[in-house]
>>> print(open('input_19.cif').read())   # mmCIF, C-alpha atoms (C1' of nucleotides)
data_upload
loop_
_atom_site.label_atom_id
_atom_site.label_comp_id
_atom_site.auth_asym_id
_atom_site.auth_seq_id
_atom_site.Cartn_x
_atom_site.Cartn_y
_atom_site.Cartn_z
CA MET A 1 143.15 63.23 98.21
CA LEU A 2 139.56 62.00 98.44
CA ASP A 3 139.06 63.16 94.87
CA LYS A 4 139.19 59.71 93.36
CA PHE A 5 136.42 58.29 95.49
CA ALA A 6 134.26 61.38 95.03
CA GLN A 7 134.78 61.09 91.31
CA TYR A 8 133.98 57.41 91.43
CA LEU A 9 130.64 58.21 93.04
CA ARG A 10 129.95 61.10 90.68
CA ASP A 11 130.57 58.86 87.69
CA ARG A 12 127.91 56.34 88.63
CA LEU A 13 125.35 58.41 90.52
CA SER A 14 123.45 61.40 89.22
CA ILE A 15 124.74 63.84 91.83
CA THR A 16 126.47 67.19 91.82
CA ASP A 17 130.12 67.77 92.62
CA GLU A 18 129.04 69.36 95.89
CA GLN A 19 127.00 66.35 96.93
CA ALA A 20 129.86 64.03 96.10
CA SER A 21 132.29 66.14 98.10
CA GLU A 22 129.91 66.36 101.01
CA ALA A 23 129.36 62.60 101.03
CA VAL A 24 133.06 62.00 101.08
CA SER A 25 134.03 64.76 103.49
CA CYS A 26 133.89 62.65 106.65
CA LEU A 27 136.16 59.93 105.27
CA LYS A 28 139.87 59.49 105.91
CA THR A 29 142.62 58.04 103.76
CA LYS A 30 145.38 55.69 104.80
CA THR A 31 148.70 54.78 103.26
CA ILE A 32 150.04 51.23 103.21
CA LYS A 33 153.61 50.47 102.20
CA LYS A 34 154.34 47.53 99.94
CA GLY A 35 154.29 44.31 101.94
CA GLN A 36 152.49 45.85 104.91
CA ILE A 37 149.40 44.13 106.30
CA LEU A 38 146.09 45.98 106.39
CA LEU A 39 143.87 43.26 107.82
CA ASN A 40 144.70 40.02 109.63
CA ALA A 41 142.52 36.94 109.82
CA GLY A 42 140.85 37.11 113.21
CA ASP A 43 140.56 40.90 113.24
CA LEU A 44 137.30 42.59 114.08
CA LYS A 45 137.28 45.78 112.03
CA SER A 46 134.25 47.19 110.32
CA GLU A 47 136.11 49.06 107.60
CA ALA A 48 135.96 48.60 103.86
CA TYR A 49 138.65 50.06 101.62
CA PHE A 50 138.38 51.97 98.38
CA ILE A 51 141.71 51.85 96.58
CA ASN A 52 142.86 55.28 95.38
CA SER A 53 146.17 54.06 94.05
CA GLY A 54 148.32 50.98 94.32
CA LEU A 55 147.32 47.34 94.61
CA LEU A 56 145.98 45.18 97.44
CA ARG A 57 145.83 41.44 97.85
CA TYR A 58 143.06 39.47 99.56
CA PHE A 59 144.21 36.01 100.64
CA SER A 60 144.14 33.13 103.11
CA ILE A 61 146.92 31.19 104.81
CA ASP A 62 146.33 27.46 105.27
CA GLU A 63 147.55 25.10 108.02
CA LYS A 64 150.77 24.45 106.11
CA GLY A 65 151.47 28.18 105.91
CA LYS A 66 150.65 28.32 102.23
CA GLU A 67 148.96 31.45 100.88
CA HIS A 68 145.94 31.36 98.57
CA ILE A 69 144.88 34.51 96.78
CA ILE A 70 141.14 35.13 96.56
CA GLN A 71 141.44 38.39 94.66
CA PHE A 72 143.53 41.37 93.69
CA ALA A 73 142.22 44.92 94.20
CA PRO A 74 143.74 47.67 92.06
CA GLU A 75 142.72 51.36 91.83
CA ASN A 76 139.01 52.09 91.91
CA TRP A 77 138.13 48.81 93.56
CA MET A 78 136.39 48.33 96.86
CA LEU A 79 137.69 45.61 99.16
CA SER A 80 136.57 44.23 102.50
CA ASP A 81 136.24 40.99 104.42
CA ARG A 82 132.47 40.51 104.76
CA ASP A 83 132.79 38.32 107.82
CA THR A 84 133.92 41.32 109.80
CA THR A 85 132.52 44.33 107.92
CA VAL A 86 129.02 42.98 107.38
CA PHE A 87 128.51 40.17 109.87
CA ASN A 88 130.58 41.32 112.85
CA GLU A 89 132.53 38.11 112.98
CA ALA A 90 136.29 37.63 113.03
CA ALA A 91 137.84 38.19 109.61
CA PHE A 92 138.63 35.01 107.70
CA PHE A 93 141.05 36.44 105.15
CA TYR A 94 144.11 38.70 105.12
CA ILE A 95 144.70 41.91 103.21
CA ASP A 96 148.13 43.29 102.41
CA ALA A 97 149.73 45.62 99.89
CA ILE A 98 151.46 44.42 96.71
CA GLU A 99 152.47 48.00 95.91
CA ASP A 100 152.56 51.16 98.01
CA THR A 101 148.87 51.88 98.27
CA GLU A 102 146.53 54.65 99.32
CA VAL A 103 143.01 53.70 100.38
CA VAL A 104 139.92 55.56 101.51
CA VAL A 105 138.73 54.02 104.75
CA VAL A 106 134.98 53.48 104.46
CA LYS A 107 133.53 52.83 107.90
CA LYS A 108 130.33 50.94 108.43
CA ASP A 109 128.28 54.08 109.11
CA PHE A 110 129.18 55.64 105.78
CA PHE A 111 126.42 53.93 103.85
CA PRO A 112 123.51 54.93 106.10
CA ALA A 113 124.92 58.47 106.10
CA ILE A 114 125.30 58.79 102.37
CA GLN A 115 121.91 57.18 101.81
CA ASN A 116 120.29 60.33 103.14
CA ILE A 117 122.09 62.42 100.57
CA VAL A 118 121.85 59.95 97.68
CA PRO A 119 119.27 57.20 98.19
CA GLU A 120 120.26 55.91 94.74
CA ILE A 121 123.43 54.51 96.22
CA LEU A 122 121.56 51.47 97.48
CA GLN A 123 120.72 50.45 93.94
CA LEU A 124 124.28 51.03 92.83
CA ASN A 125 125.50 48.90 95.69
CA ILE A 126 123.15 46.07 94.76
CA LEU A 127 124.26 46.19 91.14
CA MET A 128 127.90 45.99 92.13
CA LEU A 129 127.28 43.08 94.45
CA HIS A 130 125.51 41.19 91.67
CA ASN A 131 128.48 41.92 89.47
CA SER A 132 130.90 40.50 92.03
CA ILE A 133 128.79 37.40 92.29
CA ARG A 134 128.72 36.69 88.59
CA PHE A 135 132.47 37.12 88.34
CA MET A 136 133.03 34.80 91.27
CA GLN A 137 130.73 32.21 89.75
CA LYS A 138 132.77 32.28 86.55
CA ARG A 139 135.93 31.92 88.64
CA ILE A 140 134.47 28.89 90.42
CA ASN A 141 133.53 27.44 87.06
CA MET A 142 137.11 27.97 85.89
CA LEU A 143 138.55 26.28 88.98
CA LEU A 144 136.19 23.34 88.49
CA SER A 145 136.86 22.80 84.82
CA ALA A 146 140.04 24.32 83.46
CA THR A 147 143.66 23.18 83.18
CA ALA A 148 146.58 25.28 84.39
CA GLU A 149 147.09 26.70 80.92
CA GLU A 150 143.44 27.58 80.42
CA ARG A 151 143.30 29.31 83.78
CA TYR A 152 146.34 31.39 82.98
CA LEU A 153 145.05 32.43 79.56
CA ASP A 154 141.74 33.40 81.12
CA PHE A 155 143.51 35.47 83.75
CA VAL A 156 145.63 37.31 81.20
CA LYS A 157 142.56 38.07 79.10
CA LEU A 158 140.54 39.30 82.06
CA TYR A 159 143.28 41.30 83.81
CA PRO A 160 145.94 42.22 81.23
CA ASN A 161 147.37 45.06 83.29
CA LEU A 162 147.59 43.01 86.48
CA THR A 163 149.63 40.43 84.60
CA LEU A 164 152.47 42.94 84.47
CA ARG A 165 152.14 44.33 87.97
CA VAL A 166 151.74 41.14 89.99
CA PRO A 167 154.71 38.79 90.60
CA GLN A 168 154.25 35.44 88.91
CA TRP A 169 154.18 33.43 92.08
CA MET A 170 151.13 35.43 93.16
CA ILE A 171 149.38 34.82 89.87
CA ALA A 172 150.11 31.13 90.35
CA SER A 173 148.59 31.32 93.81
CA TYR A 174 145.49 33.01 92.38
CA LEU A 175 145.19 30.28 89.75
CA GLY A 176 145.62 27.47 92.26
CA ILE A 177 148.88 26.13 90.83
CA THR A 178 152.56 26.31 91.86
CA PRO A 179 154.95 28.99 90.56
CA GLU A 180 156.97 26.22 88.90
CA SER A 181 153.92 25.03 86.98
CA LEU A 182 153.09 28.54 85.86
CA SER A 183 156.64 29.01 84.65
CA ARG A 184 156.33 25.86 82.55
CA VAL A 185 152.91 26.87 81.22
CA ARG A 186 154.38 30.18 80.09
CA LYS A 187 157.30 28.43 78.46
CA ASP A 188 154.96 26.17 76.48
CA LEU A 189 152.81 29.11 75.43
CA ALA A 190 155.88 31.00 74.26
CA LYS A 191 156.95 28.00 72.22
CA LYS A 192 153.51 27.72 70.62
CA HIS A 193 153.60 31.35 69.58
CA PHE A 194 157.20 31.15 68.25
CA ARG A 195 158.59 33.55 70.78
CA MET B 1 100.86 28.09 97.14
CA LEU B 2 102.70 31.41 97.47
CA ASP B 3 102.61 30.91 101.22
CA LYS B 4 106.23 29.88 101.53
CA PHE B 5 107.60 32.97 99.85
CA ALA B 6 105.27 35.25 101.78
CA GLN B 7 106.36 33.58 104.98
CA TYR B 8 109.98 33.92 103.94
CA LEU B 9 109.50 37.66 103.57
CA ARG B 10 107.51 37.95 106.79
CA ASP B 11 110.28 36.17 108.69
CA ARG B 12 112.96 38.66 107.75
CA LEU B 13 111.08 41.92 107.29
CA SER B 14 108.96 43.68 109.88
CA ILE B 15 105.73 43.56 107.90
CA THR B 16 102.21 42.33 108.50
CA ASP B 17 100.70 39.21 106.99
CA GLU B 18 98.58 41.42 104.77
CA GLN B 19 101.57 43.30 103.42
CA ALA B 20 103.38 40.06 102.73
CA SER B 21 100.38 38.65 100.92
CA GLU B 22 99.93 41.81 98.92
CA ALA B 23 103.58 41.87 97.90
CA VAL B 24 103.37 38.33 96.71
CA SER B 25 99.95 38.50 95.07
CA CYS B 26 101.17 39.35 91.60
CA LEU B 27 103.62 36.43 91.44
CA LYS B 28 103.09 33.07 89.76
CA THR B 29 104.42 29.64 90.59
CA LYS B 30 105.79 27.07 88.20
CA THR B 31 106.34 23.33 88.51
CA ILE B 32 109.42 21.61 87.13
CA LYS B 33 109.66 17.85 86.91
CA LYS B 34 112.87 16.10 87.90
CA GLY B 35 115.39 16.33 85.09
CA GLN B 36 113.57 19.13 83.32
CA ILE B 37 115.50 22.25 82.30
CA LEU B 38 114.40 25.63 83.61
CA LEU B 39 117.08 27.82 82.05
CA ASN B 40 119.51 27.17 79.21
CA ALA B 41 122.83 28.88 78.65
CA GLY B 42 122.17 31.54 76.02
CA ASP B 43 118.65 32.29 77.22
CA LEU B 44 117.50 35.83 77.80
CA LYS B 45 115.01 35.63 80.65
CA SER B 46 114.75 38.15 83.42
CA GLU B 47 113.30 35.81 86.03
CA ALA B 48 114.71 34.75 89.36
CA TYR B 49 113.34 31.72 91.15
CA PHE B 50 112.41 31.22 94.78
CA ILE B 51 112.28 27.51 95.54
CA ASN B 52 109.12 26.51 97.39
CA SER B 53 109.90 22.81 97.40
CA GLY B 54 112.31 20.50 95.65
CA LEU B 55 115.88 21.06 94.55
CA LEU B 56 117.47 22.91 91.64
CA ARG B 57 120.94 22.70 90.15
CA TYR B 58 122.95 25.57 88.68
CA PHE B 59 125.69 24.38 86.34
CA SER B 60 127.78 24.82 83.23
CA ILE B 61 128.60 22.47 80.37
CA ASP B 62 132.13 22.69 78.96
CA GLU B 63 133.38 22.07 75.42
CA LYS B 64 133.83 18.37 76.15
CA GLY B 65 130.21 18.13 77.30
CA LYS B 66 131.18 17.79 80.96
CA GLU B 67 128.93 19.37 83.56
CA HIS B 68 130.25 21.52 86.41
CA ILE B 69 127.94 22.38 89.27
CA ILE B 70 128.19 25.92 90.61
CA GLN B 71 125.55 25.46 93.27
CA PHE B 72 122.53 23.58 94.53
CA ALA B 73 119.35 25.43 95.48
CA PRO B 74 116.96 23.68 97.90
CA GLU B 75 113.76 25.01 99.49
CA ASN B 76 113.82 28.64 100.58
CA TRP B 77 116.68 29.58 98.30
CA MET B 78 116.66 32.17 95.57
CA LEU B 79 118.37 31.30 92.30
CA SER B 80 119.06 33.20 89.11
CA ASP B 81 121.69 33.69 86.46
CA ARG B 82 122.85 37.28 86.94
CA ASP B 83 124.09 37.63 83.39
CA THR B 84 120.52 37.55 82.20
CA THR B 85 118.44 38.67 85.21
CA VAL B 86 120.58 41.66 86.17
CA PHE B 87 122.72 42.53 83.17
CA ASN B 88 120.43 41.63 80.26
CA GLU B 89 123.01 39.42 78.66
CA ALA B 90 122.67 35.83 77.52
CA ALA B 91 122.69 33.40 80.43
CA PHE B 92 126.01 31.67 81.00
CA PHE B 93 124.81 28.78 83.16
CA TYR B 94 122.03 26.19 83.08
CA ILE B 95 119.37 25.46 85.67
CA ASP B 96 117.55 22.16 85.95
CA ALA B 97 115.64 20.17 88.56
CA ILE B 98 117.22 17.42 90.67
CA GLU B 99 113.84 16.68 92.24
CA ASP B 100 110.29 17.64 91.25
CA THR B 101 110.33 21.28 92.18
CA GLU B 102 107.94 24.16 92.63
CA VAL B 103 109.29 27.68 92.26
CA VAL B 104 107.90 31.18 92.61
CA VAL B 105 108.78 33.11 89.47
CA VAL B 106 110.16 36.48 90.52
CA LYS B 107 110.20 38.81 87.56
CA LYS B 108 112.52 41.76 87.30
CA ASP B 109 109.81 44.29 88.17
CA PHE B 110 109.00 42.63 91.48
CA PHE B 111 111.69 44.43 93.43
CA PRO B 112 110.77 48.00 92.43
CA ALA B 113 107.14 47.09 93.13
CA ILE B 114 107.71 45.63 96.56
CA GLN B 115 110.07 48.45 97.44
CA ASN B 116 107.11 50.78 97.59
CA ILE B 117 105.41 48.57 100.13
CA VAL B 118 108.53 47.59 102.08
CA PRO B 119 111.54 49.84 101.45
CA GLU B 120 113.42 47.70 103.95
CA ILE B 121 113.70 44.98 101.35
CA LEU B 122 116.65 46.75 99.75
CA GLN B 123 118.69 46.32 102.90
CA LEU B 124 117.68 42.69 103.20
CA ASN B 125 118.70 42.15 99.62
CA ILE B 126 122.10 43.73 100.21
CA LEU B 127 122.69 41.59 103.26
CA MET B 128 121.87 38.42 101.38
CA LEU B 129 124.14 39.37 98.52
CA HIS B 130 127.01 39.95 100.95
CA ASN B 131 126.28 36.57 102.44
CA SER B 132 126.45 34.89 99.03
CA ILE B 133 129.75 36.56 98.39
CA ARG B 134 131.38 35.40 101.57
CA PHE B 135 130.25 31.83 100.98
CA MET B 136 131.57 31.91 97.45
CA GLN B 137 134.90 33.29 98.65
CA LYS B 138 135.20 30.39 101.07
CA ARG B 139 134.36 28.01 98.25
CA ILE B 140 137.06 29.54 96.06
CA ASN B 141 139.49 29.21 98.94
CA MET B 142 138.54 25.56 99.27
CA LEU B 143 139.04 24.91 95.55
CA LEU B 144 142.45 26.59 95.70
CA SER B 145 143.74 24.79 98.74
CA ALA B 146 141.98 21.57 99.65
CA THR B 147 142.35 17.92 98.63
CA ALA B 148 139.43 15.82 97.40
CA GLU B 149 138.88 14.45 100.90
CA GLU B 150 138.94 17.85 102.57
CA ARG B 151 136.48 19.23 100.05
CA TYR B 152 134.09 16.39 100.63
CA LEU B 153 134.25 16.68 104.41
CA ASP B 154 133.63 20.40 104.12
CA PHE B 155 130.63 19.79 101.88
CA VAL B 156 129.10 17.25 104.23
CA LYS B 157 129.56 19.58 107.17
CA LEU B 158 128.07 22.56 105.35
CA TYR B 159 125.18 20.77 103.64
CA PRO B 160 124.39 17.58 105.60
CA ASN B 161 120.89 17.23 104.20
CA LEU B 162 121.97 17.73 100.60
CA THR B 163 124.45 14.91 101.03
CA LEU B 164 121.52 12.52 101.19
CA ARG B 165 119.38 14.09 98.49
CA VAL B 166 121.96 14.67 95.77
CA PRO B 167 123.40 11.79 93.74
CA GLN B 168 127.10 11.25 94.38
CA TRP B 169 128.22 12.03 90.87
CA MET B 170 126.70 15.50 91.27
CA ILE B 171 128.46 16.06 94.57
CA ALA B 172 131.67 15.05 92.79
CA SER B 173 130.94 17.57 90.08
CA TYR B 174 130.36 20.28 92.69
CA LEU B 175 133.67 19.41 94.35
CA GLY B 176 135.60 19.43 91.09
CA ILE B 177 136.53 15.73 91.16
CA THR B 178 135.33 12.61 89.32
CA PRO B 179 132.63 10.29 90.72
CA GLU B 180 135.26 7.54 90.89
CA SER B 181 137.50 9.70 93.06
CA LEU B 182 134.63 10.55 95.38
CA SER B 183 133.82 6.88 95.70
CA ARG B 184 137.43 6.20 96.73
CA VAL B 185 137.44 9.10 99.17
CA ARG B 186 134.30 7.76 100.81
CA LYS B 187 135.78 4.29 101.00
CA ASP B 188 138.88 5.62 102.73
CA LEU B 189 136.82 7.67 105.15
CA ALA B 190 134.69 4.63 105.99
CA LYS B 191 137.85 2.63 106.68
CA LYS B 192 139.20 5.34 108.97
CA HIS B 193 135.98 5.35 110.96
CA PHE B 194 135.81 1.51 111.18
CA ARG B 195 132.64 1.24 109.16
"C1'" DC C 1 107.86 -8.64 88.10
"C1'" DT C 2 111.11 -7.83 84.55
"C1'" DC C 3 114.14 -5.51 81.81
"C1'" DA C 4 116.73 -1.33 81.08
"C1'" DT C 5 119.03 2.45 82.52
"C1'" DT C 6 121.37 5.03 85.85
"C1'" DT C 7 124.36 5.16 89.71
"C1'" DC C 8 128.08 3.43 92.43
"C1'" DT C 9 132.16 0.69 93.11
"C1'" DT C 10 136.58 -1.41 92.24
"C1'" DA C 11 140.83 -2.34 89.72
"C1'" DT C 12 144.49 -0.96 86.47
"C1'" DC C 13 146.95 2.20 84.23
"C1'" DC C 14 148.17 7.05 83.11
"C1'" DT C 15 148.95 12.07 83.25
"C1'" DA C 16 148.94 16.78 84.89
"C1'" DC C 17 150.74 18.92 88.22
"C1'" DA C 18 153.34 18.96 92.82
"C1'" DT C 19 157.56 18.55 95.22
"C1'" DC C 20 162.36 18.95 95.76
"C1'" DA C 21 166.57 20.82 94.50
"C1'" DA C 22 169.91 23.55 92.06
"C1'" DC C 23 171.02 27.62 89.61
"C1'" DG C 24 170.78 32.31 87.22
"C1'" DT C 25 169.27 36.98 87.42
"C1'" DG C 26 167.56 40.98 89.34
"C1'" DT C 27 166.90 44.21 93.01
"C1'" DA C 28 167.35 46.31 97.73
"C1'" DG C 29 169.87 47.54 101.55
"C1'" DT C 30 174.14 48.94 103.68
"C1'" DA D 1 180.15 47.88 95.17
"C1'" DC D 2 179.10 43.94 97.76
"C1'" DT D 3 175.96 40.93 99.78
"C1'" DA D 4 171.69 38.91 100.36
"C1'" DC D 5 167.44 37.76 99.49
"C1'" DA D 6 163.43 37.43 96.29
"C1'" DC D 7 162.04 35.83 91.98
"C1'" DG D 8 161.89 33.02 87.96
"C1'" DT D 9 163.60 28.92 85.48
"C1'" DT D 10 164.77 24.16 84.63
"C1'" DG D 11 165.32 19.29 85.60
"C1'" DA D 12 164.43 14.92 88.14
"C1'" DT D 13 161.18 12.43 90.59
"C1'" DG D 14 156.68 11.62 93.09
"C1'" DT D 15 151.72 11.40 93.60
"C1'" DA D 16 146.76 12.65 93.75
"C1'" DG D 17 143.42 12.11 91.11
"C1'" DG D 18 141.88 11.29 85.99
"C1'" DA D 19 140.64 7.90 82.32
"C1'" DT D 20 139.10 3.62 81.09
"C1'" DA D 21 136.71 -0.48 81.70
"C1'" DA D 22 133.79 -3.75 83.79
"C1'" DG D 23 130.72 -5.42 87.12
"C1'" DA D 24 127.38 -4.80 91.15
"C1'" DA D 25 123.58 -2.42 93.01
"C1'" DA D 26 119.91 0.52 92.87
"C1'" DT D 27 116.09 2.80 90.50
"C1'" DG D 28 112.47 3.25 87.29
"C1'" DA D 29 109.26 2.33 83.47
"C1'" DG D 30 106.01 -0.65 81.39
#
>>> encode(input="input_19.cif", output="structure tokens")
Amino acid sequence: MLDKFAQYLRDRLSITDEQASEAVSCLKTKTIKKGQILLNAGDLKSEAYFINSGLLRYFSIDEKGKEHIIQFAPENWMLSDRDTTVFNEAAFFYIDAIEDTEVVVVKKDFFPAIQNIVPEILQLNILMLHNSIRFMQKRINMLLSATAEERYLDFVKLYPNLTLRVPQWMIASYLGITPESLSRVRKDLAKKHFR
Amino acid sequence: MLDKFAQYLRDRLSITDEQASEAVSCLKTKTIKKGQILLNAGDLKSEAYFINSGLLRYFSIDEKGKEHIIQFAPENWMLSDRDTTVFNEAAFFYIDAIEDTEVVVVKKDFFPAIQNIVPEILQLNILMLHNSIRFMQKRINMLLSATAEERYLDFVKLYPNLTLRVPQWMIASYLGITPESLSRVRKDLAKKHFR
DNA sequence: CTCATTTCTTATCCTACATCAACGTGTAGT
DNA sequence: ACTACACGTTGATGTAGGATAAGAAATGAG
């Protein structure tokens, strides 16, 4: 079941099916049941995850035990805690599964290895990192400037499918508000739109 | 005055002085007076900036005309709006100068060009992008979870020198609070520390 | 040096959202 | 089918920080 990742690479790199398969051949998949933890803060694990199917959650837990969601990772996303995968430090965030999920485990040595087959992948990597950055900057801008309602509307617009798959209290956590507030925001919106 | 950028490259790549100088030879510098705008939202300019001296500010302006600071960029930092430099779209954010500033203008074609001299630079670039991402994730976490006081303390700890160079109302804007609130926070902190 | 503008502070009042608590509904496990 | 827990809703009350306003202090331009 490495097909998805191979296809992902084939779609954005000019390589043959064989090259894609070869690149991916040394990788393993892993299954995570809903609610199960994949990475704990403090862990030292140099693995990134490509999500084949399902949905992961990348979050912190503060001193009061409250969770704060940094991002969601659905199919075809890559997810890792840079502190540990890139900088060999203890992980800062947690990863767990919102749905039963299958990931491809991408170990640190994958990139040097695939580089020999497809040097292009470095450029692709850079492009995707820039893309992450611009999205995160817009998120920061949102957190600095927007009300609860504006944040929610922005979320729905940006991730319409996630809105249905993620429990509301998690969306609230992602938006930096309480579940109660989100419930009220949704009520007001419904009223405005006569529903 | 390209020395700083050349030195910056020499410090993190295993290259000779000559290579560094050669790489940098085609680049131009630019001077921006305090308060002057370097990039406007909506602009289409494929330039990144390396700050030789001074201090830049990367920010948005919302519908109500309020400014929100995404980041500060002091000496030895690279700054650009990815929407325009990487994705050829209209810039989303603004850049202006908090102090008189001199930048090296790094045009889009610099990276392919320098790659031929120092292929290593791709890896350096990737590392720095990962580093940006982890800092931005921590910032998002802070905005989701921390009070005004906690945010300020975190800022002071992370950027002690900026605390002195940046006017308070801008720090407030970076933290997502009003200047008045920051003033109160500082007053309370002073009280706590008997000052 | 002087006047003007920007920045910072302080006080008062106000609002968006948090907190607390109770209750309905849905879903999972036995 | 019964029980229990997770999730969403709603209401009552609290509070951190916003808005407004006004003055003090610092900075800057001529």
>>> closest_atom_pairs(input="input_19.cif", of="chain B", to="chain A", cutoff="9 Å", atoms="only C-alpha atoms", output="Markdown table")
| residue | atom | partner | partner_atom | distance |
| --- | --- | --- | --- | --- |
| B:Phe59 | CA | A:Asn141 | CA | 8.4 |
| B:Ser60 | CA | A:Asn141 | CA | 7.4 |
| B:Asp62 | CA | A:Ser145 | CA | 7.5 |
| B:Lys66 | CA | A:Ser145 | CA | 8.5 |
| B:Glu67 | CA | A:Ser145 | CA | 8.7 |
| B:His68 | CA | A:Leu144 | CA | 6.6 |
| B:Ile69 | CA | A:Asn141 | CA | 7.9 |
| B:Ile70 | CA | A:Asn141 | CA | 6.6 |
| B:Asp81 | CA | A:Arg134 | CA | 7.9 |
| B:Arg82 | CA | A:Arg134 | CA | 6.1 |
| B:Asp83 | CA | A:Arg134 | CA | 7.0 |
| B:Val86 | CA | A:His130 | CA | 7.4 |
| B:Phe87 | CA | A:Asn131 | CA | 8.6 |
| B:Phe92 | CA | A:Lys138 | CA | 8.8 |
| B:Leu122 | CA | A:Leu122 | CA | 7.2 |
| B:Gln123 | CA | A:Leu122 | CA | 8.0 |
| B:Asn125 | CA | A:Ile126 | CA | 7.7 |
| B:Ile126 | CA | A:Ile126 | CA | 6.0 |
| B:Leu127 | CA | A:Val86 | CA | 7.7 |
| B:Leu129 | CA | A:Leu129 | CA | 6.3 |
| B:His130 | CA | A:Arg82 | CA | 6.7 |
| B:Asn131 | CA | A:Arg82 | CA | 7.7 |
| B:Ser132 | CA | A:Ile133 | CA | 7.6 |
| B:Ile133 | CA | A:Ile133 | CA | 6.2 |
| B:Arg134 | CA | A:Arg82 | CA | 6.1 |
| B:Met136 | CA | A:Met136 | CA | 7.0 |
| B:Gln137 | CA | A:Ile70 | CA | 6.8 |
| B:Lys138 | CA | A:Phe92 | CA | 8.8 |
| B:Arg139 | CA | A:Ile140 | CA | 7.9 |
| B:Ile140 | CA | A:Ile140 | CA | 6.2 |
| B:Asn141 | CA | A:Ile70 | CA | 6.6 |
| B:Leu143 | CA | A:Leu143 | CA | 6.7 |
| B:Leu144 | CA | A:Gly176 | CA | 4.8 |
| B:Ser145 | CA | A:His68 | CA | 6.9 |
| B:Ser173 | CA | A:Leu144 | CA | 8.0 |
| B:Tyr174 | CA | A:Leu144 | CA | 7.8 |
| B:Leu175 | CA | A:Leu144 | CA | 7.5 |
| B:Gly176 | CA | A:Leu144 | CA | 4.7 |
| B:Ile177 | CA | A:Leu144 | CA | 8.1 |
>>> interface_residues(input="input_19.cif", of="chain B", to="chain D", cutoff="10 Å", atoms="only C-alpha atoms (C1' of nucleotides)", output="JSON, numbers by chain")
{"B": [147, 148, 177, 178, 180, 181, 182]}
>>> atom_distance(input="input_19.cif", atom1="CA of Arg57 (chain A)", atom2="CA of Ile98 (chain A)")
6.5 Å
>>> interface_residues(input="input_19.cif", of="chain C", to="chain B", cutoff="9 Å", atoms="only C-alpha atoms (C1' of nucleotides)", output="NGL selection string")
:C and (7-10)
>>> resolve_selection(input="input_19.cif", expression="the PyMOL selection byres ((chain B and resi 43) around 12)", output="PyMOL selection string")
chain B and resi 37-42+44-47+80-85+88-95
>>> atom_distance(input="input_19.cif", atom1="CA of Lys107 (chain A)", atom2="CA of Met78 (chain A)")
12.3 Å
>>> atom_distance(input="input_19.cif", atom1="CA of Pro74 (chain B)", atom2="CA of Glu18 (chain B)")
26.5 Å
>>> residues_around(input="input_19.cif", residues="Arg186 (chain B)", least_positions_apart="5", cutoff="9 Å", atoms="only C-alpha atoms (C1' of nucleotides)", output="ChimeraX atom specification")
/B:149,152,181,191
>>> residues_around(input="input_19.cif", residues="Val156 (chain A)", least_positions_apart="2", cutoff="12 Å", atoms="only C-alpha atoms (C1' of nucleotides)", output="list of chain:residue names")
A:Glu149, A:Glu150, A:Arg151, A:Tyr152, A:Leu153, A:Asp154, A:Leu158, A:Tyr159, A:Pro160, A:Asn161, A:Leu162, A:Thr163, A:Leu164, A:Arg165, A:Val166, A:Gln168, A:Ile171, A:Ala172, A:Tyr174, A:Leu175, A:Arg186
>>> write_last_selection(input="input_19.cif", atoms="C-alpha atoms", output="PDB file, in the coordinates of the input")
ATOM      1  CA  GLU A 149     147.090  26.700  80.920  1.00  0.00           C
ATOM      2  CA  GLU A 150     143.440  27.580  80.420  1.00  0.00           C
ATOM      3  CA  ARG A 151     143.300  29.310  83.780  1.00  0.00           C
ATOM      4  CA  TYR A 152     146.340  31.390  82.980  1.00  0.00           C
ATOM      5  CA  LEU A 153     145.050  32.430  79.560  1.00  0.00           C
ATOM      6  CA  ASP A 154     141.740  33.400  81.120  1.00  0.00           C
ATOM      7  CA  LEU A 158     140.540  39.300  82.060  1.00  0.00           C
ATOM      8  CA  TYR A 159     143.280  41.300  83.810  1.00  0.00           C
ATOM      9  CA  PRO A 160     145.940  42.220  81.230  1.00  0.00           C
ATOM     10  CA  ASN A 161     147.370  45.060  83.290  1.00  0.00           C
ATOM     11  CA  LEU A 162     147.590  43.010  86.480  1.00  0.00           C
ATOM     12  CA  THR A 163     149.630  40.430  84.600  1.00  0.00           C
ATOM     13  CA  LEU A 164     152.470  42.940  84.470  1.00  0.00           C
ATOM     14  CA  ARG A 165     152.140  44.330  87.970  1.00  0.00           C
ATOM     15  CA  VAL A 166     151.740  41.140  89.990  1.00  0.00           C
ATOM     16  CA  GLN A 168     154.250  35.440  88.910  1.00  0.00           C
ATOM     17  CA  ILE A 171     149.380  34.820  89.870  1.00  0.00           C
ATOM     18  CA  ALA A 172     150.110  31.130  90.350  1.00  0.00           C
ATOM     19  CA  TYR A 174     145.490  33.010  92.380  1.00  0.00           C
ATOM     20  CA  LEU A 175     145.190  30.280  89.750  1.00  0.00           C
ATOM     21  CA  ARG A 186     154.380  30.180  80.090  1.00  0.00           C
TER      22      ARG A 186
END
>>> axis_aligned_box(input="input_19.cif", around="region 120-129 of chain B", padding_each_side="6 Å", output="AutoDock Vina command-line options")
--center_x 118.8 --center_y 43.1 --center_z 101.2 --size_x 22.7 --size_y 21.3 --size_z 17.4
>>> resolve_selection(input="input_19.cif", expression="the PyMOL selection byres ((chain A and resi 19) around 10)", output="VMD selection string")
chain A and resid 6 9 to 10 14 to 18 20 to 25 114 117 to 118
